[in-house]
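Notes follow once the structure below has been shown.
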Number of protein chains: 2
Amino acid sequence: MKNQTIKNLTIIKPQWLLPVDNAFQLLTETALLIEQDKIISLTPFAQLEDLAGFAEAHIIELPGQLLMPGLVNTHTHAAMSLLRGIADDRPLMDWLQNYIWPAENQWVDRQFIEDGVRLAVAEMMRGGTTCFNDMYFFPDVMAKTCQQMGMRAVSGLIVLDFPTVWAQNADEYLGKAMTVFDEIREMPLISAALAPHAPYTVSDQPLEKIAIYSSELDIPVHMHIHETQFEVDEAVKNTGLRPLERLDQLNLLTPNLIAVHMTSVNDLERERLAETGVHIVHCPESNLKLASGLCQVDQFHKLDINVCLGTDGAASNNDLDMFGEMRTAALLCKGLSGDASACNTEQSIRMATINGAKALGLAEQIGSLEVGKQADCIAIDFSGLNTQPIYDPISQLVYATNSLQVSNVWINGERKLADGEFIDFDTVEIIERAQQWMKKISGEKVSKKV
Amino acid sequence: MKNQTIKNLTIIKPQWLLPVDNAFQLLTETALLIEQDKIISLTPFAQLEDLAGFAEAHIIELPGQLLMPGLVNTHTHAAMSLLRGIADDRPLMDWLQNYIWPAENQWVDRQFIEDGVRLAVAEMMRGGTTCFNDMYFFPDVMAKTCQQMGMRAVSGLIVLDFPTVWAQNADEYLGKAMTVFDEIREMPLISAALAPHAPYTVSDQPLEKIAIYSSELDIPVHMHIHETQFEVDEAVKNTGLRPLERLDQLNLLTPNLIAVHMTSVNDLERERLAETGVHIVHCPESNLKLASGLCQVDQFHKLDINVCLGTDGAASNNDLDMFGEMRTAALLCKGLSGDASACNTEQSIRMATINGAKALGLAEQIGSLEVGKQADCIAIDFSGLNTQPIYDPISQLVYATNSLQVSNVWINGERKLADGEFIDFDTVEIIERAQQWMKKISGEKVSKKV
């Protein structure tokens with residue numbers, strides 16, 4: 001590196017650097033060097049001046065700030081941000097069947113997706129999320145919107161048995177999935193996952209095809225599984241099988257499966273999940289809010305199962321705040337397991353970063369700050385009253401950081417947020433669009449008493 | 001009102017006004033009128049110009065903002081903010097005996113209290129807390145510091161059996177309690193509570209005296225009770241009585257008792273608590289973080305027991321964010337009870353405001369925005385991405401608001417925060433003092449391997 005000039009070199013000099021690599025060491029006096037979209041070095045401050053290209057480099061000093069990998073939100077429905085707060089204090093099936101599904105059937109179209117995704121992406125970036133895994137209608141619109149905004153995302157190619165605004169039957173969903181899959185190949189920031197909604201909404205035949213496509217294309221399968229005890233009980237009543245058992249028979253339990261929620265899982269199932277390399281997405285705030293059930297994260301950790309974190313959609317959370325989610329996950333795991341050392345700070349930060357990257361098949365590209373990876377990183381400003389004094393910056397990240405303390409965000413080497421301000425888009429216009437949707441939907445809502 | 005001129009009239013014109021009175025209605029086009037330190041009227045915008053004194057009034061327009069009562073943090077140890085993050089991921093007794101108590105014995109003095117309380121008060125005000133209930137050493141210093149800063153607080157006159165930096169034995173604690181009680185009478189913003197630490201740290205004789213003093217002076221008794229199952233089991237082993245049973249025999253179960261934590265409570269005890277009018281303080285984040293146990297808030301709600309919220313100290317939370325605490329309480333209650341309608345938005349907001357005022361004996365003065373009460377109120381700016389769009393402002397308060405969205409704070413009619421900026425104190429100096437303590441304490445910590 002010393003013998004050649006580096007083009008477009010950015011040198012970020014934070015007070016603390018947490019790469020979230022295997023060693024999980026907190027570094028000081030160490031800069032992160034970015035060339036174009038990639039991390040090319042972690043270099044001690046003292047050696048920076050010897051560097052070829054140092055004189056022309058763009059140097060960013062971040063005193064009082066910690067630099068770490070961007071957060072990976074491994075389960076959300078981004079466009080549902082337009083339905084934030086439309087129906088609270090209701091259990092999952094009532095909430096879905098009587099509020100969310102009717103509103104979606106009436107209102108969701110391409111424009112709804114674009115406007116909803118823009119609001120969600122802006123909220124996520126502001127709070128330090130640099131990649132998210134989505135499942136919703138019009139995944140093509142979602143993908144294009146994220147690519148345009150410079151957000152990394154995995155577009156979930158949704159599959160259901162029944163008609164919605166996106167398709168009429170499983171065959172049509174699958175056909176559209178393949179079309180969108182081809183469109184997404186052209187988008188550098190976007191990858192694809194097959195997204196069968198849930199075991200109770202997708203029948204065996206499409207699931208068999210999904211297992212084959214996932215294996216042939218080597219892409220993830222993103223699915224709500226065992227979200228509630230009710231779901232498991234109904235499946236046993238109707239099919240004689242627990243959903244996980246059925247998915248196993250359909251060859252879906254593989255390292256490509258991203259199993260979301262998983263609140264009701266027995267010992268045998270946990271062993272089988274460990275054996276097959278399935279990834280779990282824990283969405284603690286959504287599970288609590290809908291009283292869906294309690295995911296036993298410590299039990300998964302004991303078997304070295306990869307557990308990631310998701311906010312779920314803003315209609316069941318009601319924010320897309322991954323710092324909040326990480327904290328809730330850590331606290332809830334301790335409380336439920338009765339073990340204050342469960343889900344410690346290292347585990348919590350891994351759940352919110354590298355574990356998500358692994359589940360999405362992106363661990364070679366993102367999830368930690370290591371040489372050769374894409375530069376997705378965030379800085380947190382610890383000067384706030386709530387993060388002072390600082391005995392342990394890692395403790396502050398999990399137990400005290402407010403997401404609005406995220407000060408700087410880079411995605412794929414591009415700076416998106418500088419000192420808390422967006423660089424390349426206008427949130428006023430995003431919010432105005434969201435308010436227009438709200439007026440339209442709530443006007444209708446009142447007359448329909450939804 | 002129309003016929004007399006009002007002096008020092010402030011008219012606050014928010015977009016939404018939530019008084020948190022019995023009706024629990026959200027008002028629009030309604031102003032809050034403050035004269036000196038008191039609320040004198042809630043007046044429709046349309047009638048403001050008819051008002052005597054309107055021309056000279058100080059008018060504050062808050063478009064896009066919601067005005068509500070300031071939050072009441074009903075249990076904390078403010079000065080422990082200087083120990084934030086000193087020891088995480090450890091259970092209660094290990095955390096107390098091996099980390100917190102040794103650090104306190106070595107470091108806590110009058111200056112520690114003053115500096116720690118200043119940091120905590122600033123953090124709380126910034127996040128919308130306008131009154132808190134404290135328990136710690138040097139309650140006289142805590143009281144003076146709060147009065148100086150313009151923060152409303154209840155100073156806990158701590159009592160223990162064993163020697164600490166504050167006193168040597170129960171008699172000395174009680175003697176000092178009475179001295180400080182007299183000093184506090186001169187401080188308009190401060191009231192006092194007797195604060196026996198816990199059933200396992202205070203013996204019968206001082207507790208008998210505390211019951212008498214509380215009854216004679218009509219002041220609250222603030223105590224950690226049934227924080228863990230271990231505490232209850234040990235008490236049964238050592239005394240044959242569960243702690244609540246023993247406190248009942250000592251005449252402490254009265255409407256003056258503020259029982260903090262209460263994670264292990266049986267049906268009979270709940271009935272007795274309802275019958276005697278005891279107040280419960282739920283500290284969900286501290287209970288989860290220390291794996292102390294799970295407080296069954298829905299069971300208390302069913303018996304109409306008054307449940308309030310507290311953050312606990314910043315060493316076990318690790319912030320003093322009452323918006324976060326309210327949200328965690330609401331979500332956790334739903335998740336644990338399996339009922340998504342449990343701890344709804346109204347109950348959650350009451351827990352964070354008026355219920356705390358009731359427990360502290362301050363319900364005639366604060367906790368809601370009603371004519372005749374002291375003007376303790378806060379405004380929340382909903383223009384953030386995470387609180388858009390706004391179908392229901394009340395939902396946003398509980399499920400989506402970030403505490404840094406608190407934009408304006410008044411305590412006792414004095415404006416403390418304006419558009420997110422403190423008016424009358426310097427947080428730079430507060431943070432510098434906190435950092436000096438951290439350096440001193442962690443230098444020692446390293447050499448001692450605490």
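Please note that chains go A, B, ... in the order of the structure tokens, that every chain numbers its residues from 1, and that ligands are numbered from 1 in the order shown.
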
Inset, instruction - Considering only C-alpha atoms, return as a PyMOL selection string whatever protein or nucleic-acid residues lie within 6 Å of Asp37 of chain A, sequence-local ones (same chain, fewer than 2 positions apart) excluded. - result: chain A and resi 35+374-375+412-413

Inset, instruction - Quick one: pick out all alpha helix (DSSP H) residues within segment 91-259 of chain B from a backbone DSSP run and write them as a PyMOL selection string. - result: chain B and resi 92-95+101-107+110-126+139-149+170-184+204-217+229-239+243-249

Which residues, written as a PDB file with N, CA, C and O atoms, in the first residue's frame, have at least one atom at most 7 Å from Met151 of chain B, with only C-alpha atoms counted and residues fewer than 4 positions away on the same chain left out?
```pdb
ATOM      1  N   THR B 130     -39.814  15.830  34.921  1.00  0.00           N
ATOM      2  CA  THR B 130     -39.872  17.103  35.646  1.00  0.00           C
ATOM      3  C   THR B 130     -39.956  16.906  37.155  1.00  0.00           C
ATOM      4  O   THR B 130     -40.017  17.875  37.911  1.00  0.00           O
ATOM      5  N   CYS B 131     -39.993  15.641  37.586  1.00  0.00           N
ATOM      6  CA  CYS B 131     -40.005  15.344  39.025  1.00  0.00           C
ATOM      7  C   CYS B 131     -39.452  13.948  39.208  1.00  0.00           C
ATOM      8  O   CYS B 131     -39.756  13.058  38.410  1.00  0.00           O
ATOM      9  N   CYS B 146     -30.984  19.966  43.522  1.00  0.00           N
ATOM     10  CA  CYS B 146     -32.203  20.012  42.699  1.00  0.00           C
ATOM     11  C   CYS B 146     -32.877  21.377  42.805  1.00  0.00           C
ATOM     12  O   CYS B 146     -33.312  21.948  41.803  1.00  0.00           O
ATOM     13  N   GLN B 147     -32.973  21.888  44.036  1.00  0.00           N
ATOM     14  CA  GLN B 147     -33.596  23.208  44.216  1.00  0.00           C
ATOM     15  C   GLN B 147     -32.853  24.259  43.403  1.00  0.00           C
ATOM     16  O   GLN B 147     -33.466  25.071  42.705  1.00  0.00           O
ATOM     17  N   LEU B 189     -39.306  23.399  45.855  1.00  0.00           N
ATOM     18  CA  LEU B 189     -39.442  22.335  44.862  1.00  0.00           C
ATOM     19  C   LEU B 189     -39.223  20.941  45.442  1.00  0.00           C
ATOM     20  O   LEU B 189     -39.418  19.941  44.753  1.00  0.00           O
ATOM     21  N   ILE B 411     -40.810  23.692  34.492  1.00  0.00           N
ATOM     22  CA  ILE B 411     -40.996  23.148  35.836  1.00  0.00           C
ATOM     23  C   ILE B 411     -41.389  24.299  36.745  1.00  0.00           C
ATOM     24  O   ILE B 411     -40.687  25.319  36.809  1.00  0.00           O
TER      25      ILE B 411
END
```

Inset, instruction - Show which residues sit within 9 Å of segment 296-307 of chain A, as a PyMOL selection string. Count only C-alpha atoms, and ignore same-chain residues fewer than 2 positions away. - result: chain A and resi 262-265+267+270-271+273-275+277-282+294+309+329+333-334+336-337+342-343+347+350-351+355-356+358-359

Those same residues, written as a short mmCIF file (atom, residue, chain, number, x, y, z; two decimals), in the first residue's frame with C-alpha atoms?
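Writing the result to out_3.cif gives the following:
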```cif
data_model
loop_
_atom_site.label_atom_id
_atom_site.label_comp_id
_atom_site.auth_asym_id
_atom_site.auth_seq_id
_atom_site.Cartn_x
_atom_site.Cartn_y
_atom_site.Cartn_z
CA MET A 262 -39.61 -18.42 16.46
CA THR A 263 -41.28 -17.84 19.80
CA SER A 264 -42.50 -21.39 20.24
CA VAL A 265 -39.65 -23.86 19.71
CA ASP A 267 -35.67 -28.77 22.45
CA ARG A 270 -33.64 -26.34 18.49
CA GLU A 271 -31.23 -29.21 17.95
CA LEU A 273 -32.08 -25.92 13.75
CA ALA A 274 -28.49 -26.07 15.01
CA GLU A 275 -27.76 -29.14 12.90
CA GLY A 277 -27.64 -24.14 10.15
CA VAL A 278 -30.91 -22.19 10.07
CA HIS A 279 -30.68 -18.49 11.04
CA ILE A 280 -33.12 -17.02 13.57
CA VAL A 281 -34.39 -13.43 13.47
CA HIS A 282 -35.49 -12.19 16.85
CA LEU A 294 -41.31 -14.87 23.81
CA LEU A 309 -32.25 -8.87 15.11
CA ALA A 329 -33.18 -7.88 23.11
CA CYS A 333 -33.02 -12.14 27.30
CA LYS A 334 -31.59 -11.54 30.78
CA LEU A 336 -36.57 -14.18 30.71
CA SER A 337 -33.60 -16.46 31.30
CA ALA A 342 -27.07 -13.81 29.19
CA CYS A 343 -26.99 -11.89 25.93
CA GLN A 347 -23.49 -11.04 21.74
CA ARG A 350 -23.04 -9.22 16.95
CA MET A 351 -26.80 -9.89 16.72
CA ASN A 355 -25.00 -12.12 12.48
CA GLY A 356 -27.50 -10.37 10.23
CA LYS A 358 -24.35 -13.96 7.80
CA ALA A 359 -28.06 -14.74 7.57
#
```

Inset, instruction - Rank nothing, just name the residue among B:Asn317, B:Ala170, B:Pro199, B:Gly384 nearest to Val398 of chain A, using only C-alpha atoms. - result: B:Asn317

Legend entry - Residue among A:Lys13, A:Lys289, A:Arg415, A:His222 lying closest to chain B, counting only C-alpha atoms: A:Lys289

Legend entry - Surrounding residues of Phe24 of chain A excluding itself and chain neighbours under 2 positions, 12 Å, only C-alpha atoms, as JSON, numbers by chain: {"A": [17, 18, 19, 20, 21, 22, 26, 27, 68, 345, 346, 347, 349, 350, 354, 368, 369, 370, 394]}
